[in-house]
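Undergrad: Take a look at input-v1.tsv, TSV, C-alpha atoms:
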chain	number	residue	atom	x	y	z
V	76	MET	CA	-103.71	24.02	-61.50
V	77	THR	CA	-99.96	23.99	-61.13
V	78	LEU	CA	-98.31	23.80	-57.72
V	79	PRO	CA	-97.12	27.44	-57.86
V	80	GLN	CA	-100.74	28.39	-58.62
V	81	ALA	CA	-101.99	26.25	-55.73
V	82	TRP	CA	-99.51	27.90	-53.39
V	83	ALA	CA	-100.37	31.40	-54.58
V	84	LEU	CA	-104.08	30.63	-54.26
V	85	SER	CA	-103.61	29.09	-50.82
V	86	GLN	CA	-101.74	32.10	-49.51
V	87	GLN	CA	-104.66	34.35	-50.42
V	88	TRP	CA	-107.39	31.87	-49.50
V	89	TYR	CA	-105.97	30.55	-46.25
V	90	GLY	CA	-103.40	33.17	-45.24
V	91	ASN	CA	-105.78	34.77	-42.73
V	92	ARG	CA	-107.68	31.61	-41.75
V	93	LEU	CA	-106.23	31.58	-38.24
V	94	ALA	CA	-106.77	35.29	-37.69
V	95	ALA	CA	-109.23	36.19	-34.95
V	96	ASP	CA	-111.25	38.34	-37.36
V	97	PHE	CA	-111.27	35.90	-40.29
V	98	ARG	CA	-114.30	35.88	-42.56
V	99	ARG	CA	-114.93	33.91	-45.73
V	100	PRO	CA	-114.58	35.91	-48.94
V	101	THR	CA	-117.71	36.88	-50.81
V	102	GLY	CA	-118.32	35.43	-54.26
V	103	ASP	CA	-116.88	38.50	-55.93
V	104	GLU	CA	-113.85	38.47	-53.64
V	105	ALA	CA	-113.31	34.78	-54.26
V	106	MET	CA	-113.42	35.21	-58.04
V	107	ALA	CA	-110.95	38.09	-57.77
V	108	ILE	CA	-108.61	35.79	-55.82
V	109	PHE	CA	-109.00	33.02	-58.41
V	110	ALA	CA	-108.34	35.46	-61.25
V	111	SER	CA	-105.25	36.88	-59.54
V	112	VAL	CA	-103.56	33.49	-59.87
V	113	GLY	CA	-104.79	32.89	-63.42
V	114	LEU	CA	-107.86	30.80	-62.60
V	115	THR	CA	-110.58	32.24	-64.81
V	116	GLY	CA	-113.44	31.03	-66.98
V	117	ALA	CA	-116.74	29.32	-66.32
V	118	PHE	CA	-115.17	26.67	-64.06
V	119	TRP	CA	-114.16	29.37	-61.55
V	120	GLU	CA	-117.34	31.46	-61.62
V	121	LEU	CA	-119.33	31.87	-58.41
V	122	PRO	CA	-122.68	33.49	-57.61
V	123	ARG	CA	-121.93	37.19	-57.40
V	124	SER	CA	-124.00	37.72	-54.25
V	125	GLY	CA	-121.33	35.98	-52.25
D	783	MET	CA	-121.57	33.29	-18.73
D	784	ALA	CA	-118.47	34.52	-20.48
D	785	PHE	CA	-118.79	37.57	-22.70
D	786	PHE	CA	-117.43	37.49	-26.21
D	787	GLN	CA	-118.11	40.21	-28.76
D	788	ASN	CA	-118.34	37.61	-31.51
D	789	ARG	CA	-119.24	34.21	-30.15
D	790	ASN	CA	-119.13	32.51	-33.55
D	791	ALA	CA	-115.58	33.75	-34.05
D	792	GLU	CA	-114.59	32.71	-30.54
D	793	VAL	CA	-115.85	29.18	-31.09
D	794	ARG	CA	-114.26	29.00	-34.53
D	795	ASN	CA	-110.93	30.17	-33.12
D	796	ARG	CA	-111.08	27.57	-30.34
D	797	ILE	CA	-111.70	24.84	-32.93
D	798	TYR	CA	-108.78	25.93	-35.11
D	799	ALA	CA	-106.43	26.46	-32.19
D	800	ARG	CA	-107.00	22.93	-30.89
D	801	ILE	CA	-106.50	21.43	-34.34
D	802	VAL	CA	-103.26	23.36	-34.89
D	803	GLU	CA	-101.96	22.42	-31.45
D	804	GLN	CA	-103.14	18.83	-31.20
D	805	GLY	CA	-104.42	17.69	-34.59
D	806	ALA	CA	-107.79	16.97	-33.02
D	807	ALA	CA	-110.96	19.03	-32.88
D	808	PRO	CA	-112.73	19.93	-29.66
D	809	THR	CA	-116.30	18.84	-29.07
D	810	PRO	CA	-118.99	21.41	-28.26
D	811	THR	CA	-118.72	20.19	-24.66
D	812	ASP	CA	-114.98	20.96	-24.67
D	813	VAL	CA	-115.56	24.46	-26.05
D	814	ALA	CA	-118.39	25.14	-23.62
D	815	ALA	CA	-116.16	24.12	-20.72
D	816	THR	CA	-113.28	26.37	-21.76
D	817	THR	CA	-115.35	29.41	-22.76
D	818	GLY	CA	-118.14	29.31	-20.23
D	819	LEU	CA	-120.67	29.47	-23.04
D	820	ASP	CA	-123.80	27.37	-22.83
D	821	ILE	CA	-123.34	24.01	-24.51
D	822	ALA	CA	-126.54	24.40	-26.52
D	823	GLU	CA	-125.29	27.72	-27.85
D	824	VAL	CA	-121.93	26.23	-28.76
D	825	ALA	CA	-123.70	23.37	-30.54
D	826	ALA	CA	-125.77	25.89	-32.50
D	827	ILE	CA	-122.60	27.78	-33.44
D	828	TYR	CA	-120.97	24.57	-34.67
D	829	GLN	CA	-123.96	24.06	-36.94
D	830	ALA	CA	-123.88	27.69	-38.08
D	831	LEU	CA	-120.17	27.42	-38.89
D	832	ALA	CA	-120.89	24.31	-40.92
D	833	ASP	CA	-123.81	25.98	-42.69
D	834	GLY	CA	-121.47	28.89	-43.48
D	835	HIS	CA	-118.91	26.51	-45.00
D	836	VAL	CA	-116.29	27.37	-42.39
D	837	ILE	CA	-116.05	23.84	-40.94
D	838	VAL	CA	-117.32	20.45	-42.07
D	839	LEU	CA	-119.15	18.14	-39.66
D	840	ARG	CA	-119.58	14.42	-39.91
D	841	PRO	CA	-123.09	14.12	-41.39
D	842	GLY	CA	-125.76	13.93	-38.73
D	843	SER	CA	-123.39	14.92	-35.94
D	844	LEU	CA	-121.53	17.85	-34.40
D	845	GLU	CA	-118.16	16.11	-34.88
D	846	VAL	CA	-115.73	18.30	-36.79
D	847	VAL	CA	-113.98	16.36	-39.51
D	848	TRP	CA	-112.52	19.29	-41.45
D	849	ALA	CA	-111.68	22.86	-40.58
D	850	PRO	CA	-110.13	23.70	-43.94
D	851	PRO	CA	-107.28	23.54	-44.71
D	852	PHE	CA	-107.00	21.03	-41.86
D	853	SER	CA	-108.59	17.59	-41.59
D	854	VAL	CA	-108.75	15.72	-38.32
D	855	VAL	CA	-109.45	12.45	-40.10
D	856	PRO	CA	-106.89	10.64	-42.27
D	857	THR	CA	-106.74	11.62	-45.95
D	858	PRO	CA	-104.25	10.97	-48.79
D	859	PHE	CA	-102.70	14.40	-48.11
D	860	ARG	CA	-100.30	14.93	-45.21
D	861	THR	CA	-98.50	18.21	-44.56
D	862	GLU	CA	-95.52	18.52	-42.20
D	863	ALA	CA	-94.48	21.93	-40.96
D	864	GLY	CA	-92.26	22.92	-38.08
D	865	GLY	CA	-92.00	19.42	-36.70
D	866	ALA	CA	-95.75	18.77	-36.59
D	867	SER	CA	-98.06	17.35	-39.24
D	868	TRP	CA	-101.70	17.47	-40.23
D	869	TRP	CA	-103.95	15.85	-42.80
D	870	ALA	CA	-105.53	18.07	-45.44
D	871	PRO	CA	-108.91	17.49	-47.09
D	872	CYS	CA	-107.48	17.90	-50.61
D	873	ALA	CA	-104.33	18.77	-52.54
D	874	TRP	CA	-105.14	22.49	-52.61
D	875	ASP	CA	-105.66	22.44	-48.85
D	876	ALA	CA	-102.34	20.64	-48.39
D	877	PHE	CA	-100.79	23.91	-49.57
D	878	GLY	CA	-103.30	25.81	-47.46
D	879	ILE	CA	-101.71	24.53	-44.27
D	880	PRO	CA	-98.34	26.26	-44.82
D	881	ALA	CA	-100.30	29.31	-45.98
D	882	ALA	CA	-102.33	29.38	-42.76
D	883	LEU	CA	-99.30	28.68	-40.58
D	884	LYS	CA	-97.07	31.03	-42.59
D	885	ARG	CA	-94.20	28.59	-42.75
D	886	ASP	CA	-92.53	26.14	-45.11
D	887	ALA	CA	-93.90	22.61	-45.35
D	888	ALA	CA	-93.33	19.18	-46.85
D	889	ILE	CA	-96.37	17.49	-48.36
D	890	GLU	CA	-96.82	13.77	-48.88
D	891	ALA	CA	-99.65	12.82	-51.19
D	892	ARG	CA	-100.83	10.08	-53.52
D	893	CYS	CA	-101.29	10.58	-57.25
D	894	ALA	CA	-104.99	10.24	-58.04
D	895	GLY	CA	-104.11	8.56	-61.33
D	896	SER	CA	-101.37	6.07	-60.47
D	897	GLY	CA	-101.68	5.89	-56.69
D	898	GLY	CA	-97.95	6.51	-56.47
D	899	PRO	CA	-96.39	8.78	-53.86
D	900	LEU	CA	-95.94	12.45	-54.61
D	901	THR	CA	-93.60	14.76	-52.78
D	902	CYS	CA	-94.03	18.47	-52.96
D	903	GLY	CA	-94.30	21.41	-50.64
D	904	VAL	CA	-93.09	24.89	-49.87
D	905	ARG	CA	-89.42	25.71	-49.32
D	906	ASP	CA	-88.09	29.20	-48.71
D	907	GLY	CA	-91.57	30.50	-49.43
D	908	ARG	CA	-91.79	28.87	-52.88
D	909	ALA	CA	-93.72	25.81	-54.06
D	910	TYR	CA	-91.69	22.81	-55.20
D	911	GLY	CA	-92.65	19.57	-56.87
D	912	ASP	CA	-93.90	18.83	-60.35
D	913	ALA	CA	-97.43	17.54	-59.79
D	914	VAL	CA	-100.57	19.15	-61.23
D	915	ILE	CA	-103.77	19.46	-59.22
D	916	HIS	CA	-106.98	18.50	-61.02
D	917	LEU	CA	-110.29	19.71	-59.61
D	918	LEU	CA	-113.31	17.80	-60.85
D	919	VAL	CA	-116.06	20.09	-59.60
D	920	PRO	CA	-116.60	23.70	-60.73
D	921	ALA	CA	-116.16	26.35	-58.04
D	922	ALA	CA	-119.86	27.16	-57.84
D	923	HIS	CA	-120.55	23.56	-56.84
D	924	PHE	CA	-117.61	22.91	-54.48
D	925	TRP	CA	-119.96	22.71	-51.50
D	926	ASP	CA	-122.77	20.72	-53.12
D	927	ASP	CA	-120.97	17.58	-51.94
D	928	ILE	CA	-117.78	18.77	-50.27
D	929	PHE	CA	-116.60	15.23	-49.52
D	930	PHE	CA	-116.65	14.43	-53.26
D	931	THR	CA	-115.07	17.77	-54.17
Kindly present the structure from the file in structure tokens form.
TA:
Amino acid sequence: MTLPQAWALSQQWYGNRLAADFRRPTGDEAMAIFASVGLTGAFWELPRSG
Amino acid sequence: MAFFQNRNAEVRNRIYARIVEQGAAPTPTDVAATTGLDIAEVAAIYQALADGHVIVLRPGSLEVVWAPPFSVVPTPFRTEAGGASWWAPCAWDAFGIPAALKRDAAIEARCAGSGGPLTCGVRDGRAYGDAVIHLLVPAAHFWDDIFFT
């Protein structure tokens, strides 16, 4: 991935990591985050149950 | 015993806070002492956080090595932000540190191919640098062997 993609992904993935109510994204949520920065395809697929 | 609505979250927050402030992770004994929780319960929460892929423990121990995007052990990825610096487990996480801290950062890393130094980071809220990050392991298998990933 390019650095702008890494930064965009990081902001969504880690932007709330220090929040008191942080929780890890489910599989579906994670794939939506990947897709939002152009990371799609089999490499980025996760189990849908989370 | 102290009362916390969500003890897992309380322990997790204590771990992250110490890493952000000092670059080092607290032990379960440290967290028990500062929260009033029972040390056995804190130890169980450490393991639960690791099982939930929130933190990474040194195998066979309760020693935190990574609380992504932070690493408390040296790695090839170093992120400086606001006058402090932290190691990151991987290149993606090196950008995760400014994301978590919500500030600009300078990243020093080594090219996996040539071993040469790479400089990149976030300035005025935008990524800079011309490197490309290669991930070798598909997302579904990131945590099969997180140290390799």
Undergrad: Fewer than 3 positions away in the same chain doesn't count, so skip those; otherwise give me all residues within 8 Å of segment 841-853 of chain D, counting only C-alpha atoms, as a PyMOL selection string.
TA: (chain V and resi 89) or (chain D and resi 797-798+801+807-810+825+828-829+836-838+856-857+868-871+875-876+878-879+882)
Undergrad: Store the residues picked out above, limited to C-alpha atoms, as a PDB file, in the frame of the given file.
TA:
ATOM      1  CA  TYR V  89    -105.970  30.550 -46.250  1.00  0.00           C
TER       2      TYR V  89
ATOM      3  CA  ILE D 797    -111.700  24.840 -32.930  1.00  0.00           C
ATOM      4  CA  TYR D 798    -108.780  25.930 -35.110  1.00  0.00           C
ATOM      5  CA  ILE D 801    -106.500  21.430 -34.340  1.00  0.00           C
ATOM      6  CA  ALA D 807    -110.960  19.030 -32.880  1.00  0.00           C
ATOM      7  CA  PRO D 808    -112.730  19.930 -29.660  1.00  0.00           C
ATOM      8  CA  THR D 809    -116.300  18.840 -29.070  1.00  0.00           C
ATOM      9  CA  PRO D 810    -118.990  21.410 -28.260  1.00  0.00           C
ATOM     10  CA  ALA D 825    -123.700  23.370 -30.540  1.00  0.00           C
ATOM     11  CA  TYR D 828    -120.970  24.570 -34.670  1.00  0.00           C
ATOM     12  CA  GLN D 829    -123.960  24.060 -36.940  1.00  0.00           C
ATOM     13  CA  VAL D 836    -116.290  27.370 -42.390  1.00  0.00           C
ATOM     14  CA  ILE D 837    -116.050  23.840 -40.940  1.00  0.00           C
ATOM     15  CA  VAL D 838    -117.320  20.450 -42.070  1.00  0.00           C
ATOM     16  CA  PRO D 856    -106.890  10.640 -42.270  1.00  0.00           C
ATOM     17  CA  THR D 857    -106.740  11.620 -45.950  1.00  0.00           C
ATOM     18  CA  TRP D 868    -101.700  17.470 -40.230  1.00  0.00           C
ATOM     19  CA  TRP D 869    -103.950  15.850 -42.800  1.00  0.00           C
ATOM     20  CA  ALA D 870    -105.530  18.070 -45.440  1.00  0.00           C
ATOM     21  CA  PRO D 871    -108.910  17.490 -47.090  1.00  0.00           C
ATOM     22  CA  ASP D 875    -105.660  22.440 -48.850  1.00  0.00           C
ATOM     23  CA  ALA D 876    -102.340  20.640 -48.390  1.00  0.00           C
ATOM     24  CA  GLY D 878    -103.300  25.810 -47.460  1.00  0.00           C
ATOM     25  CA  ILE D 879    -101.710  24.530 -44.270  1.00  0.00           C
ATOM     26  CA  ALA D 882    -102.330  29.380 -42.760  1.00  0.00           C
TER      27      ALA D 882
END
Undergrad: So, counting all atoms listed in the file, which residue among D:Gly897, D:Pro858, D:Gly865, D:Gly834 is closest to chain V?
TA: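 Residue with the minimum atom-to-atom distance to chain V: D:Gly834.
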Undergrad: List every protein, DNA or RNA residue that has at least one atom no more than 12 Å from (-104.3, 32.3, -49.6) in the file's coordinates, counting all atoms listed in the file, and write the result as a PyMOL selection string.
TA: (chain V and resi 79-93+99-100+105+108-109+111-112) or (chain D and resi 850-851+874-884)
Undergrad: Work out how far apart atom CA of Gln804 of chain D and atom CA of Ala866 of chain D are and give it in Å to one decimal.
TA: 9.1 Å
Undergrad: Nearest to Leu121 of chain V among D:Ile889, D:Ala921, D:Val855, D:Ile821, with distances taken over only C-alpha atoms: which residue is it?
TA: D:Ala921
Undergrad: What separation in Å, quoted to one decimal, exists between atom CA of Glu104 of chain V and atom CA of Val824 of chain D?
TA: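 These two atoms are separated by 28.9 Å.
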Undergrad: Under the rule that only C-alpha atoms are counted, which of D:Leu900, D:Ala799, D:Ala806, D:Ala832 is the nearest residue to chain V?
TA: D:Ala799
Undergrad: What gap, in Å, lies between atom CA of Trp119 of chain V and atom CA of Arg98 of chain V?
TA: 20.1 Å
Undergrad: For Gly898 of chain D, list every protein, DNA or RNA residue within 12 Å, evaluated using all atoms listed in the file, and leave out those in the same chain fewer than 6 positions away; present the list as a VMD selection string.
TA: chain D and resid 858 890 to 892 913
Undergrad: Based on the selection just made, write C-alpha atoms of those residues as a PDB file, in the frame of the given file.
TA:
ATOM      1  CA  PRO D 858    -104.250  10.970 -48.790  1.00  0.00           C
ATOM      2  CA  GLU D 890     -96.820  13.770 -48.880  1.00  0.00           C
ATOM      3  CA  ALA D 891     -99.650  12.820 -51.190  1.00  0.00           C
ATOM      4  CA  ARG D 892    -100.830  10.080 -53.520  1.00  0.00           C
ATOM      5  CA  ALA D 913     -97.430  17.540 -59.790  1.00  0.00           C
TER       6      ALA D 913
END
Undergrad: Within 8 Å of segment 915-918 of chain D, counting all atoms listed in the file, which residues show up once you throw out same-chain ones fewer than 4 positions away? Write them as a list in words, please.
TA: Met76, Thr77, Leu78 and Ala81 of chain V; Ala873, Trp874 and Thr931 of chain D
Undergrad: Could you tell me which of V:Thr115, V:Arg123, V:Ala110, V:Asp96 comes closest to chain D if we count only C-alpha atoms?
TA: V:Asp96
Undergrad: Using only the atoms of segment 84-95 of chain V listed in the file, plus 5 Å on each side, state the axis-aligned box centre and edge lengths in Å rounded to one decimal, as AutoDock Vina command-line options.
TA:
--center_x -105.5 --center_y 32.6 --center_z -44.6 --size_x 17.5 --size_y 17.1 --size_z 29.3
Undergrad: Using only C-alpha atoms, can you list as a list of chain:residue names the residues within 10 Å of (-89.9, 27.8, -51.7)?
TA: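 Neighbouring residues, ordered by chain and number, come to V:Pro79, V:Trp82, D:Arg885, D:Asp886, D:Ala887, D:Gly903, D:Val904, D:Arg905, D:Asp906, D:Gly907, D:Arg908, D:Ala909, D:Tyr910.
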Undergrad: Can you pull out the residues contacting Glu823 of chain D? Cut-off 12 Å, using all atoms listed in the file, and skip same-chain residues under 4 positions away; I want them as a PyMOL selection string.
TA: chain D and resi 783+789-790+793+810-811+813-814+817-819+827-830
Undergrad: Mind rebuilding segment 868-893 of chain D with N, CA and C atoms and writing that out as a PDB file, in the frame of the given file?
TA:
ATOM      1  N   TRP D 868    -100.240  17.480 -40.193  1.00  0.00           N
ATOM      2  CA  TRP D 868    -101.700  17.470 -40.230  1.00  0.00           C
ATOM      3  C   TRP D 868    -102.141  16.843 -41.544  1.00  0.00           C
ATOM      4  N   TRP D 869    -103.334  16.241 -41.552  1.00  0.00           N
ATOM      5  CA  TRP D 869    -103.950  15.850 -42.800  1.00  0.00           C
ATOM      6  C   TRP D 869    -104.655  17.055 -43.407  1.00  0.00           C
ATOM      7  N   ALA D 870    -104.793  17.023 -44.720  1.00  0.00           N
ATOM      8  CA  ALA D 870    -105.530  18.070 -45.440  1.00  0.00           C
ATOM      9  C   ALA D 870    -106.659  17.411 -46.218  1.00  0.00           C
ATOM     10  N   PRO D 871    -107.794  18.074 -46.350  1.00  0.00           N
ATOM     11  CA  PRO D 871    -108.910  17.490 -47.090  1.00  0.00           C
ATOM     12  C   PRO D 871    -108.601  17.224 -48.559  1.00  0.00           C
ATOM     13  N   CYS D 872    -107.760  18.055 -49.186  1.00  0.00           N
ATOM     14  CA  CYS D 872    -107.480  17.900 -50.610  1.00  0.00           C
ATOM     15  C   CYS D 872    -106.097  18.456 -50.905  1.00  0.00           C
ATOM     16  N   ALA D 873    -105.673  18.331 -52.162  1.00  0.00           N
ATOM     17  CA  ALA D 873    -104.330  18.770 -52.540  1.00  0.00           C
ATOM     18  C   ALA D 873    -104.176  20.286 -52.372  1.00  0.00           C
ATOM     19  N   TRP D 874    -105.194  21.035 -52.791  1.00  0.00           N
ATOM     20  CA  TRP D 874    -105.140  22.490 -52.610  1.00  0.00           C
ATOM     21  C   TRP D 874    -104.963  22.820 -51.124  1.00  0.00           C
ATOM     22  N   ASP D 875    -105.746  22.163 -50.276  1.00  0.00           N
ATOM     23  CA  ASP D 875    -105.660  22.440 -48.850  1.00  0.00           C
ATOM     24  C   ASP D 875    -104.310  22.025 -48.263  1.00  0.00           C
ATOM     25  N   ALA D 876    -103.667  21.028 -48.867  1.00  0.00           N
ATOM     26  CA  ALA D 876    -102.340  20.640 -48.390  1.00  0.00           C
ATOM     27  C   ALA D 876    -101.386  21.832 -48.467  1.00  0.00           C
ATOM     28  N   PHE D 877    -101.564  22.672 -49.478  1.00  0.00           N
ATOM     29  CA  PHE D 877    -100.790  23.910 -49.570  1.00  0.00           C
ATOM     30  C   PHE D 877    -101.401  25.009 -48.696  1.00  0.00           C
ATOM     31  N   GLY D 878    -102.663  24.836 -48.336  1.00  0.00           N
ATOM     32  CA  GLY D 878    -103.300  25.810 -47.460  1.00  0.00           C
ATOM     33  C   GLY D 878    -102.744  25.792 -46.056  1.00  0.00           C
ATOM     34  N   ILE D 879    -102.257  24.634 -45.638  1.00  0.00           N
ATOM     35  CA  ILE D 879    -101.710  24.530 -44.270  1.00  0.00           C
ATOM     36  C   ILE D 879    -100.474  25.413 -44.102  1.00  0.00           C
ATOM     37  N   PRO D 880     -99.460  25.313 -44.969  1.00  0.00           N
ATOM     38  CA  PRO D 880     -98.340  26.260 -44.820  1.00  0.00           C
ATOM     39  C   PRO D 880     -98.774  27.710 -45.004  1.00  0.00           C
ATOM     40  N   ALA D 881     -99.810  27.932 -45.810  1.00  0.00           N
ATOM     41  CA  ALA D 881    -100.300  29.310 -45.980  1.00  0.00           C
ATOM     42  C   ALA D 881    -100.901  29.811 -44.666  1.00  0.00           C
ATOM     43  N   ALA D 882    -101.701  28.968 -44.016  1.00  0.00           N
ATOM     44  CA  ALA D 882    -102.330  29.380 -42.760  1.00  0.00           C
ATOM     45  C   ALA D 882    -101.305  29.543 -41.651  1.00  0.00           C
ATOM     46  N   LEU D 883    -100.313  28.642 -41.641  1.00  0.00           N
ATOM     47  CA  LEU D 883     -99.300  28.680 -40.580  1.00  0.00           C
ATOM     48  C   LEU D 883     -98.178  29.653 -40.875  1.00  0.00           C
ATOM     49  N   LYS D 884     -98.122  30.099 -42.143  1.00  0.00           N
ATOM     50  CA  LYS D 884     -97.070  31.030 -42.590  1.00  0.00           C
ATOM     51  C   LYS D 884     -95.685  30.460 -42.357  1.00  0.00           C
ATOM     52  N   ARG D 885     -95.516  29.209 -42.836  1.00  0.00           N
ATOM     53  CA  ARG D 885     -94.200  28.590 -42.750  1.00  0.00           C
ATOM     54  C   ARG D 885     -94.036  27.574 -43.874  1.00  0.00           C
ATOM     55  N   ASP D 886     -92.801  27.157 -44.107  1.00  0.00           N
ATOM     56  CA  ASP D 886     -92.530  26.140 -45.110  1.00  0.00           C
ATOM     57  C   ASP D 886     -93.136  24.808 -44.688  1.00  0.00           C
ATOM     58  N   ALA D 887     -93.287  23.892 -45.663  1.00  0.00           N
ATOM     59  CA  ALA D 887     -93.900  22.610 -45.350  1.00  0.00           C
ATOM     60  C   ALA D 887     -93.500  21.568 -46.374  1.00  0.00           C
ATOM     61  N   ALA D 888     -93.522  20.321 -45.950  1.00  0.00           N
ATOM     62  CA  ALA D 888     -93.330  19.180 -46.850  1.00  0.00           C
ATOM     63  C   ALA D 888     -94.658  18.427 -46.932  1.00  0.00           C
ATOM     64  N   ILE D 889     -95.068  18.134 -48.153  1.00  0.00           N
ATOM     65  CA  ILE D 889     -96.370  17.490 -48.360  1.00  0.00           C
ATOM     66  C   ILE D 889     -96.153  16.096 -48.933  1.00  0.00           C
ATOM     67  N   GLU D 890     -96.811  15.115 -48.333  1.00  0.00           N
ATOM     68  CA  GLU D 890     -96.820  13.770 -48.880  1.00  0.00           C
ATOM     69  C   GLU D 890     -98.237  13.490 -49.357  1.00  0.00           C
ATOM     70  N   ALA D 891     -98.332  13.050 -50.618  1.00  0.00           N
ATOM     71  CA  ALA D 891     -99.650  12.820 -51.190  1.00  0.00           C
ATOM     72  C   ALA D 891     -99.588  11.611 -52.110  1.00  0.00           C
ATOM     73  N   ARG D 892    -100.732  11.188 -52.579  1.00  0.00           N
ATOM     74  CA  ARG D 892    -100.830  10.080 -53.520  1.00  0.00           C
ATOM     75  C   ARG D 892    -101.391  10.606 -54.837  1.00  0.00           C
ATOM     76  N   CYS D 893    -100.785  10.192 -55.940  1.00  0.00           N
ATOM     77  CA  CYS D 893    -101.290  10.580 -57.250  1.00  0.00           C
ATOM     78  C   CYS D 893    -102.659   9.940 -57.457  1.00  0.00           C
TER      79      CYS D 893
END
